[in-house]
Amino acid sequence: MNAQLLDGKATAADIRRELAERVAKLTATDGRPPGLGTVLVGDDPGSHAYVAGKHRDCAQVGIASIRRDLPADASQQQVEETIDELNADPACTGYIVQLPLPRHLDANAVLERMDPAKDADGLHPVNLGRLILGVEAPLPCTPRGIVELLRRHDVPLAGARVCVIGRGITVGRPIGLLLTRRSENATVTLCHTGTKGLAWHVREADIVIAAAGSPGLVTKDMLRPGAAVLDVGITRTDQGLVGDIHPDAAQVAGWIAPMPGGVGPMTRAMLLANVVEAAERNATAV
Ligand SMILES: Nc1nc2c(c(=O)[nH]1)N[C@@H](CN(C=O)c1ccc(C(=O)N[C@@H](CCC(=O)O)C(=O)O)cc1)CN2
């Protein structure tokens with residue numbers, strides 16, 4: 001079988017073009033562009049690359065960038081003061097705190113301090129609660145990107161059995177909430193390091209979303225032929241970046257979102273979408 005490519009790079013480029021038009025309208029009406037803020041603590045090269053990418057995307061669609069970089073030994077108070085500053089900054093429509101934070105910081109306290117109306121990542125507890133309640137809220141970027149990628153490639157979701165591997169807060173936990181909404185109507189099994197018989201769960205699935213950070217975890221012998229397989233795992237090795245899906249999976253999958261070029265670019269595009277939607281909400285509120 002030749003797997004069909006779930007091309008996140010091309011799809012994200014389409015979305016950026018659509019968003020650029022909405023940003024131009026907002027800028028003309030408001031007299032200034034929407035603004036995205038980022039809070040980055042420490043020297044993790046991956047996090048630096050992701051934040052740089054977010055600001056490049058902003059420049060491409062006309063969103064203003066506000067960047068706050070703090071040293072690896074920044075205190076909880078320093079980080080929270082930066083949050084307070086962005087909460088109060090009228091030029092900042094929405095912002096994100098790049099995760100993971102250094103271990104000495106309390107990430108939950110930082111997220112809770114954000115103004116939920118400015119939470120461009122949909123990770124504030126109020127917004128995660130709204131997601132459960134089915135109330136409009138910014139959605140976490142990777143889960144939203146996955147749903148958008150599947151929809152734009154006509155991968156059937158209603159009634160689909162989805163196996164998610166990984167229970168992190170940016171992907172594994174929220175993706176189940178999105179896919180089980182009535183509008184998506186999928187059935188989700190969330191697997192993690194405590195799951196017994198992972199291969200059995202994967203083989204039952206029409207859609208497999210691997211976000212475990214375990215290189216080559218999902219192999220072709222585990223997959224149902226024709227399944228849609230999305231690689232969200234990224235491990236940095238001496239040989240470069242390695243995903244959770246073994247390359248041989250393409251031999252049996254019906255669709256494949258590779259790493260790189262699948263879900264990652266969609267994550268970035270959905271962040272822009274969340275900022276544009278926040279700006280549109282603000283514009284209609286006045
Ligand atoms: N506050 C947040 N922190 C983190 C999130 C998040 O959504 N919000 N997700 C990840 C990191 N991330 C965005 O922040 C992210 C990860 C990967 C990519 C990406 O485009 N990946 C490329 C491959 C990697 C590369 O080229 O370096 C791809 O898949 O093509 C974008 C964003 C954790 N932290």
# chains A, B, ... in the order shown; residues from 1 in each chain; ligands from 1

$ residues_near_ligand --ligand "ligand 1" --cutoff "7 Å" --atoms "only C-alpha atoms and all ligand atoms" --output "CSV table (one decimal) with C-alpha atoms, in the first residue's frame"
chain,number,residue,atom,x,y,z
A,46,GLY,CA,14.5,22.8,20.7
A,47,SER,CA,12.4,25.4,22.5
A,49,ALA,CA,13.9,26.8,17.6
A,50,TYR,CA,10.2,26.6,18.1
A,51,VAL,CA,9.9,30.1,19.4
A,96,ILE,CA,2.3,31.5,25.0
A,97,VAL,CA,4.7,30.2,27.6
A,98,GLN,CA,7.0,27.8,25.8
A,99,LEU,CA,7.0,24.3,27.5
A,100,PRO,CA,8.7,22.6,29.1
A,121,ASP,CA,-2.2,27.9,23.5
A,140,PRO,CA,-4.6,23.6,22.2
A,141,CYS,CA,-2.5,24.0,19.0
A,142,THR,CA,-1.3,20.5,18.3
A,170,THR,CA,0.0,19.7,25.0
A,234,ILE,CA,10.2,14.3,18.3
A,259,MET,CA,7.8,14.0,11.3
A,260,PRO,CA,9.0,16.4,10.0
A,261,GLY,CA,6.4,18.0,7.8
A,262,GLY,CA,3.2,16.6,9.3
A,263,VAL,CA,1.7,17.8,12.6
A,264,GLY,CA,4.5,20.2,13.6
A,265,PRO,CA,3.8,22.8,11.0
A,267,THR,CA,0.8,23.3,15.5
A,268,ARG,CA,2.4,26.5,14.4

$ residues_around --residues "A:Ala120" --least-positions-apart "5" --cutoff "10 Å" --atoms "only C-alpha atoms" --output "PDB file with N, CA and C atoms, in the first residue's frame"
ATOM      1  N   LEU A  36       1.351  38.612  18.990  1.00  0.00           N
ATOM      2  CA  LEU A  36       1.605  37.356  19.712  1.00  0.00           C
ATOM      3  C   LEU A  36       2.825  37.528  20.608  1.00  0.00           C
ATOM      4  N   GLY A  37       2.676  37.210  21.881  1.00  0.00           N
ATOM      5  CA  GLY A  37       3.803  37.215  22.816  1.00  0.00           C
ATOM      6  C   GLY A  37       4.290  35.798  23.071  1.00  0.00           C
ATOM      7  N   THR A  38       5.595  35.666  23.308  1.00  0.00           N
ATOM      8  CA  THR A  38       6.143  34.361  23.734  1.00  0.00           C
ATOM      9  C   THR A  38       6.988  34.573  24.984  1.00  0.00           C
ATOM     10  N   THR A  93      -2.199  40.543  21.922  1.00  0.00           N
ATOM     11  CA  THR A  93      -3.540  39.927  21.801  1.00  0.00           C
ATOM     12  C   THR A  93      -3.573  38.600  22.538  1.00  0.00           C
ATOM     13  N   GLY A  94      -2.493  37.842  22.372  1.00  0.00           N
ATOM     14  CA  GLY A  94      -2.399  36.535  23.015  1.00  0.00           C
ATOM     15  C   GLY A  94      -0.942  36.158  23.166  1.00  0.00           C
ATOM     16  N   TYR A  95      -0.666  35.225  24.074  1.00  0.00           N
ATOM     17  CA  TYR A  95       0.733  34.805  24.230  1.00  0.00           C
ATOM     18  C   TYR A  95       0.804  33.360  24.701  1.00  0.00           C
ATOM     19  N   ILE A  96       2.017  32.835  24.604  1.00  0.00           N
ATOM     20  CA  ILE A  96       2.254  31.455  25.049  1.00  0.00           C
ATOM     21  C   ILE A  96       3.451  31.433  25.997  1.00  0.00           C
ATOM     22  N   VAL A  97       3.473  30.452  26.848  1.00  0.00           N
ATOM     23  CA  VAL A  97       4.661  30.153  27.646  1.00  0.00           C
ATOM     24  C   VAL A  97       5.228  28.876  27.048  1.00  0.00           C
ATOM     25  N   ALA A 137     -13.635  28.394  23.182  1.00  0.00           N
ATOM     26  CA  ALA A 137     -12.370  28.725  23.847  1.00  0.00           C
ATOM     27  C   ALA A 137     -11.241  28.467  22.862  1.00  0.00           C
ATOM     28  N   PRO A 138     -10.073  29.113  23.077  1.00  0.00           N
ATOM     29  CA  PRO A 138      -8.929  28.750  22.229  1.00  0.00           C
ATOM     30  C   PRO A 138      -8.590  27.280  22.462  1.00  0.00           C
ATOM     31  N   LEU A 139      -8.270  26.564  21.392  1.00  0.00           N
ATOM     32  CA  LEU A 139      -7.985  25.130  21.513  1.00  0.00           C
ATOM     33  C   LEU A 139      -6.479  24.902  21.524  1.00  0.00           C
ATOM     34  N   PRO A 140      -6.001  23.894  22.273  1.00  0.00           N
ATOM     35  CA  PRO A 140      -4.572  23.569  22.243  1.00  0.00           C
ATOM     36  C   PRO A 140      -4.117  23.329  20.798  1.00  0.00           C
ATOM     37  N   CYS A 141      -2.935  23.887  20.459  1.00  0.00           N
ATOM     38  CA  CYS A 141      -2.545  24.006  19.042  1.00  0.00           C
ATOM     39  C   CYS A 141      -2.295  22.669  18.356  1.00  0.00           C
ATOM     40  N   MET A 270      -1.881  26.693  13.851  1.00  0.00           N
ATOM     41  CA  MET A 270      -3.039  26.826  14.748  1.00  0.00           C
ATOM     42  C   MET A 270      -2.795  27.884  15.824  1.00  0.00           C
ATOM     43  N   LEU A 271      -1.533  28.088  16.192  1.00  0.00           N
ATOM     44  CA  LEU A 271      -1.233  29.167  17.131  1.00  0.00           C
ATOM     45  C   LEU A 271      -1.617  30.508  16.508  1.00  0.00           C
ATOM     46  N   LEU A 272      -1.265  30.682  15.235  1.00  0.00           N
ATOM     47  CA  LEU A 272      -1.637  31.924  14.545  1.00  0.00           C
ATOM     48  C   LEU A 272      -3.164  32.058  14.485  1.00  0.00           C
ATOM     49  N   ALA A 273      -3.834  30.937  14.204  1.00  0.00           N
ATOM     50  CA  ALA A 273      -5.307  30.970  14.117  1.00  0.00           C
ATOM     51  C   ALA A 273      -5.899  31.392  15.456  1.00  0.00           C
ATOM     52  N   ASN A 274      -5.343  30.873  16.560  1.00  0.00           N
ATOM     53  CA  ASN A 274      -5.869  31.253  17.886  1.00  0.00           C
ATOM     54  C   ASN A 274      -5.700  32.753  18.140  1.00  0.00           C
ATOM     55  N   VAL A 275      -4.569  33.309  17.690  1.00  0.00           N
ATOM     56  CA  VAL A 275      -4.334  34.750  17.909  1.00  0.00           C
ATOM     57  C   VAL A 275      -5.311  35.573  17.065  1.00  0.00           C
ATOM     58  N   VAL A 276      -5.485  35.160  15.820  1.00  0.00           N
ATOM     59  CA  VAL A 276      -6.398  35.908  14.936  1.00  0.00           C
ATOM     60  C   VAL A 276      -7.822  35.846  15.490  1.00  0.00           C
ATOM     61  N   GLU A 277      -8.233  34.671  15.962  1.00  0.00           N
ATOM     62  CA  GLU A 277      -9.592  34.547  16.506  1.00  0.00           C
ATOM     63  C   GLU A 277      -9.758  35.394  17.773  1.00  0.00           C
ATOM     64  N   ALA A 278      -8.709  35.456  18.611  1.00  0.00           N
ATOM     65  CA  ALA A 278      -8.789  36.295  19.817  1.00  0.00           C
ATOM     66  C   ALA A 278      -8.952  37.764  19.407  1.00  0.00           C
TER      67      ALA A 278
END

$ select_by_dssp --residues "stretch 214-278 of chain A" --states "strand (DSSP E)" --output "list in words"
Ala228, Val229, Leu230, Asp231, Thr235, Arg236, Thr237, Gly240, Leu241, Val242, Trp255, Ile256 and Ala257 of chain A

$ closest_residue --among "A:Pro258, A:Pro90, A:Pro102, A:Gly62" --to "A:Leu40" --atoms "only C-alpha atoms"
A:Pro102

$ closest_residue --among "A:Val135, A:Ala59, A:Ile83, A:Ala72" --to "A:Glu112" --atoms "only C-alpha atoms"
A:Ile83

$ residues_around --residues "A:Gly166" --least-positions-apart "4" --cutoff "12 Å" --atoms "only C-alpha atoms" --output "list in words"
Thr170, Val171, Gly172, Arg173, Pro174, Ile175, Gly176, Thr189, Leu190, Cys191, His192, Thr193, Gly194, Thr195, Leu198, Val208, Ile209, Ala210, Ala211, Ala212, Gly213, Ser214, Leu217, Asp231, Val232, Gly233 and Asp244 of chain A

$ residues_around --residues "A:Glu136" --least-positions-apart "3" --cutoff "12 Å" --atoms "only C-alpha atoms" --output "PyMOL selection string"
chain A and resi 117+122+126-133+139+274+277-278+281

$ closest_residue --among "A:Leu86, A:Ile66, A:Leu5, A:Val155" --to "A:Ala52" --atoms "only C-alpha atoms"
A:Ile66

$ atom_distance --atom1 "atom CA of A:Gly243" --atom2 "atom CA of A:Thr187"
24.3 Å

$ closest_residue --among "A:Ala91, A:Ala12, A:Val39, A:Met266" --to "A:Thr27" --atoms "only C-alpha atoms"
A:Ala91

$ closest_residue --among "A:Leu70, A:Ala279, A:Val188, A:Ala88" --to "A:Ala24" --atoms "only C-alpha atoms"
A:Ala279

$ atom_distance --atom1 "atom CA of A:Leu26" --atom2 "atom CA of A:Gly145"
23.0 Å

$ select_by_dssp --residues "stretch 2-228 of chain A" --states "alpha helix (DSSP H)" --output "ChimeraX atom specification"
/A:8-30,45-61,76-88,107-113,125-133,141-152,172-179,198-204

$ closest_residue --among "A:Asp73, A:Asp106, A:Glu21, A:Asp206" --to "A:Ala186" --atoms "only C-alpha atoms"
A:Asp206

$ atom_distance --atom1 "atom CA of A:Val162" --atom2 "atom CA of A:Arg203"
10.3 Å

$ decode --residues "stretch 212-241 of chain A" --atoms "N, CA and C atoms" --output "PDB file, in the first residue's frame"
ATOM      1  N   ALA A 212       4.516   9.973  22.114  1.00  0.00           N
ATOM      2  CA  ALA A 212       5.145   9.422  23.316  1.00  0.00           C
ATOM      3  C   ALA A 212       6.593   9.887  23.486  1.00  0.00           C
ATOM      4  N   GLY A 213       7.212  10.365  22.398  1.00  0.00           N
ATOM      5  CA  GLY A 213       8.636  10.705  22.464  1.00  0.00           C
ATOM      6  C   GLY A 213       9.493   9.466  22.600  1.00  0.00           C
ATOM      7  N   SER A 214       9.082   8.390  21.928  1.00  0.00           N
ATOM      8  CA  SER A 214       9.812   7.119  21.984  1.00  0.00           C
ATOM      9  C   SER A 214      10.144   6.699  20.545  1.00  0.00           C
ATOM     10  N   PRO A 215      11.403   6.894  20.128  1.00  0.00           N
ATOM     11  CA  PRO A 215      11.759   6.735  18.711  1.00  0.00           C
ATOM     12  C   PRO A 215      11.364   5.378  18.131  1.00  0.00           C
ATOM     13  N   GLY A 216      10.694   5.399  16.984  1.00  0.00           N
ATOM     14  CA  GLY A 216      10.351   4.178  16.251  1.00  0.00           C
ATOM     15  C   GLY A 216       9.395   3.249  16.977  1.00  0.00           C
ATOM     16  N   LEU A 217       8.641   3.771  17.940  1.00  0.00           N
ATOM     17  CA  LEU A 217       7.760   2.942  18.787  1.00  0.00           C
ATOM     18  C   LEU A 217       6.715   2.163  17.985  1.00  0.00           C
ATOM     19  N   VAL A 218       6.113   2.821  16.995  1.00  0.00           N
ATOM     20  CA  VAL A 218       5.020   2.179  16.237  1.00  0.00           C
ATOM     21  C   VAL A 218       5.587   1.606  14.937  1.00  0.00           C
ATOM     22  N   THR A 219       5.512   0.274  14.815  1.00  0.00           N
ATOM     23  CA  THR A 219       6.068  -0.392  13.631  1.00  0.00           C
ATOM     24  C   THR A 219       4.930  -0.941  12.777  1.00  0.00           C
ATOM     25  N   LYS A 220       5.277  -1.338  11.540  1.00  0.00           N
ATOM     26  CA  LYS A 220       4.213  -1.728  10.592  1.00  0.00           C
ATOM     27  C   LYS A 220       3.421  -2.938  11.067  1.00  0.00           C
ATOM     28  N   ASP A 221       4.070  -3.854  11.789  1.00  0.00           N
ATOM     29  CA  ASP A 221       3.369  -5.066  12.236  1.00  0.00           C
ATOM     30  C   ASP A 221       2.297  -4.752  13.289  1.00  0.00           C
ATOM     31  N   MET A 222       2.336  -3.552  13.902  1.00  0.00           N
ATOM     32  CA  MET A 222       1.332  -3.197  14.907  1.00  0.00           C
ATOM     33  C   MET A 222       0.078  -2.599  14.275  1.00  0.00           C
ATOM     34  N   LEU A 223       0.164  -2.203  12.999  1.00  0.00           N
ATOM     35  CA  LEU A 223      -0.897  -1.365  12.410  1.00  0.00           C
ATOM     36  C   LEU A 223      -1.963  -2.156  11.681  1.00  0.00           C
ATOM     37  N   ARG A 224      -3.182  -1.628  11.732  1.00  0.00           N
ATOM     38  CA  ARG A 224      -4.270  -2.125  10.883  1.00  0.00           C
ATOM     39  C   ARG A 224      -4.003  -1.587   9.474  1.00  0.00           C
ATOM     40  N   PRO A 225      -3.994  -2.443   8.449  1.00  0.00           N
ATOM     41  CA  PRO A 225      -3.742  -1.930   7.097  1.00  0.00           C
ATOM     42  C   PRO A 225      -4.742  -0.828   6.735  1.00  0.00           C
ATOM     43  N   GLY A 226      -4.230   0.279   6.189  1.00  0.00           N
ATOM     44  CA  GLY A 226      -5.091   1.393   5.784  1.00  0.00           C
ATOM     45  C   GLY A 226      -5.289   2.442   6.870  1.00  0.00           C
ATOM     46  N   ALA A 227      -4.733   2.207   8.045  1.00  0.00           N
ATOM     47  CA  ALA A 227      -4.916   3.175   9.139  1.00  0.00           C
ATOM     48  C   ALA A 227      -4.245   4.511   8.811  1.00  0.00           C
ATOM     49  N   ALA A 228      -4.790   5.579   9.392  1.00  0.00           N
ATOM     50  CA  ALA A 228      -4.122   6.889   9.322  1.00  0.00           C
ATOM     51  C   ALA A 228      -3.156   6.976  10.507  1.00  0.00           C
ATOM     52  N   VAL A 229      -1.916   7.341  10.224  1.00  0.00           N
ATOM     53  CA  VAL A 229      -0.883   7.319  11.256  1.00  0.00           C
ATOM     54  C   VAL A 229      -0.251   8.704  11.341  1.00  0.00           C
ATOM     55  N   LEU A 230      -0.293   9.293  12.539  1.00  0.00           N
ATOM     56  CA  LEU A 230       0.241  10.654  12.699  1.00  0.00           C
ATOM     57  C   LEU A 230       1.383  10.642  13.705  1.00  0.00           C
ATOM     58  N   ASP A 231       2.531  11.116  13.259  1.00  0.00           N
ATOM     59  CA  ASP A 231       3.728  11.101  14.097  1.00  0.00           C
ATOM     60  C   ASP A 231       3.897  12.458  14.789  1.00  0.00           C
ATOM     61  N   VAL A 232       3.732  12.460  16.107  1.00  0.00           N
ATOM     62  CA  VAL A 232       3.859  13.717  16.857  1.00  0.00           C
ATOM     63  C   VAL A 232       5.092  13.660  17.768  1.00  0.00           C
ATOM     64  N   GLY A 233       5.758  12.526  17.800  1.00  0.00           N
ATOM     65  CA  GLY A 233       6.927  12.382  18.666  1.00  0.00           C
ATOM     66  C   GLY A 233       8.161  13.009  18.031  1.00  0.00           C
ATOM     67  N   ILE A 234       8.928  13.705  18.813  1.00  0.00           N
ATOM     68  CA  ILE A 234      10.202  14.253  18.303  1.00  0.00           C
ATOM     69  C   ILE A 234      11.287  13.931  19.320  1.00  0.00           C
ATOM     70  N   THR A 235      12.278  13.158  18.909  1.00  0.00           N
ATOM     71  CA  THR A 235      13.436  12.919  19.777  1.00  0.00           C
ATOM     72  C   THR A 235      14.672  13.414  19.033  1.00  0.00           C
ATOM     73  N   ARG A 236      15.446  14.261  19.719  1.00  0.00           N
ATOM     74  CA  ARG A 236      16.685  14.770  19.110  1.00  0.00           C
ATOM     75  C   ARG A 236      17.809  13.787  19.377  1.00  0.00           C
ATOM     76  N   THR A 237      18.399  13.210  18.341  1.00  0.00           N
ATOM     77  CA  THR A 237      19.508  12.260  18.502  1.00  0.00           C
ATOM     78  C   THR A 237      20.724  12.798  17.743  1.00  0.00           C
ATOM     79  N   ASP A 238      21.860  12.116  17.889  1.00  0.00           N
ATOM     80  CA  ASP A 238      23.063  12.530  17.149  1.00  0.00           C
ATOM     81  C   ASP A 238      22.844  12.394  15.643  1.00  0.00           C
ATOM     82  N   GLN A 239      21.913  11.523  15.278  1.00  0.00           N
ATOM     83  CA  GLN A 239      21.624  11.318  13.838  1.00  0.00           C
ATOM     84  C   GLN A 239      20.545  12.287  13.345  1.00  0.00           C
ATOM     85  N   GLY A 240      20.071  13.155  14.212  1.00  0.00           N
ATOM     86  CA  GLY A 240      19.024  14.105  13.821  1.00  0.00           C
ATOM     87  C   GLY A 240      17.728  13.823  14.565  1.00  0.00           C
ATOM     88  N   LEU A 241      16.612  14.369  14.046  1.00  0.00           N
ATOM     89  CA  LEU A 241      15.315  14.199  14.710  1.00  0.00           C
ATOM     90  C   LEU A 241      14.715  12.847  14.335  1.00  0.00           C
TER      91      LEU A 241
END
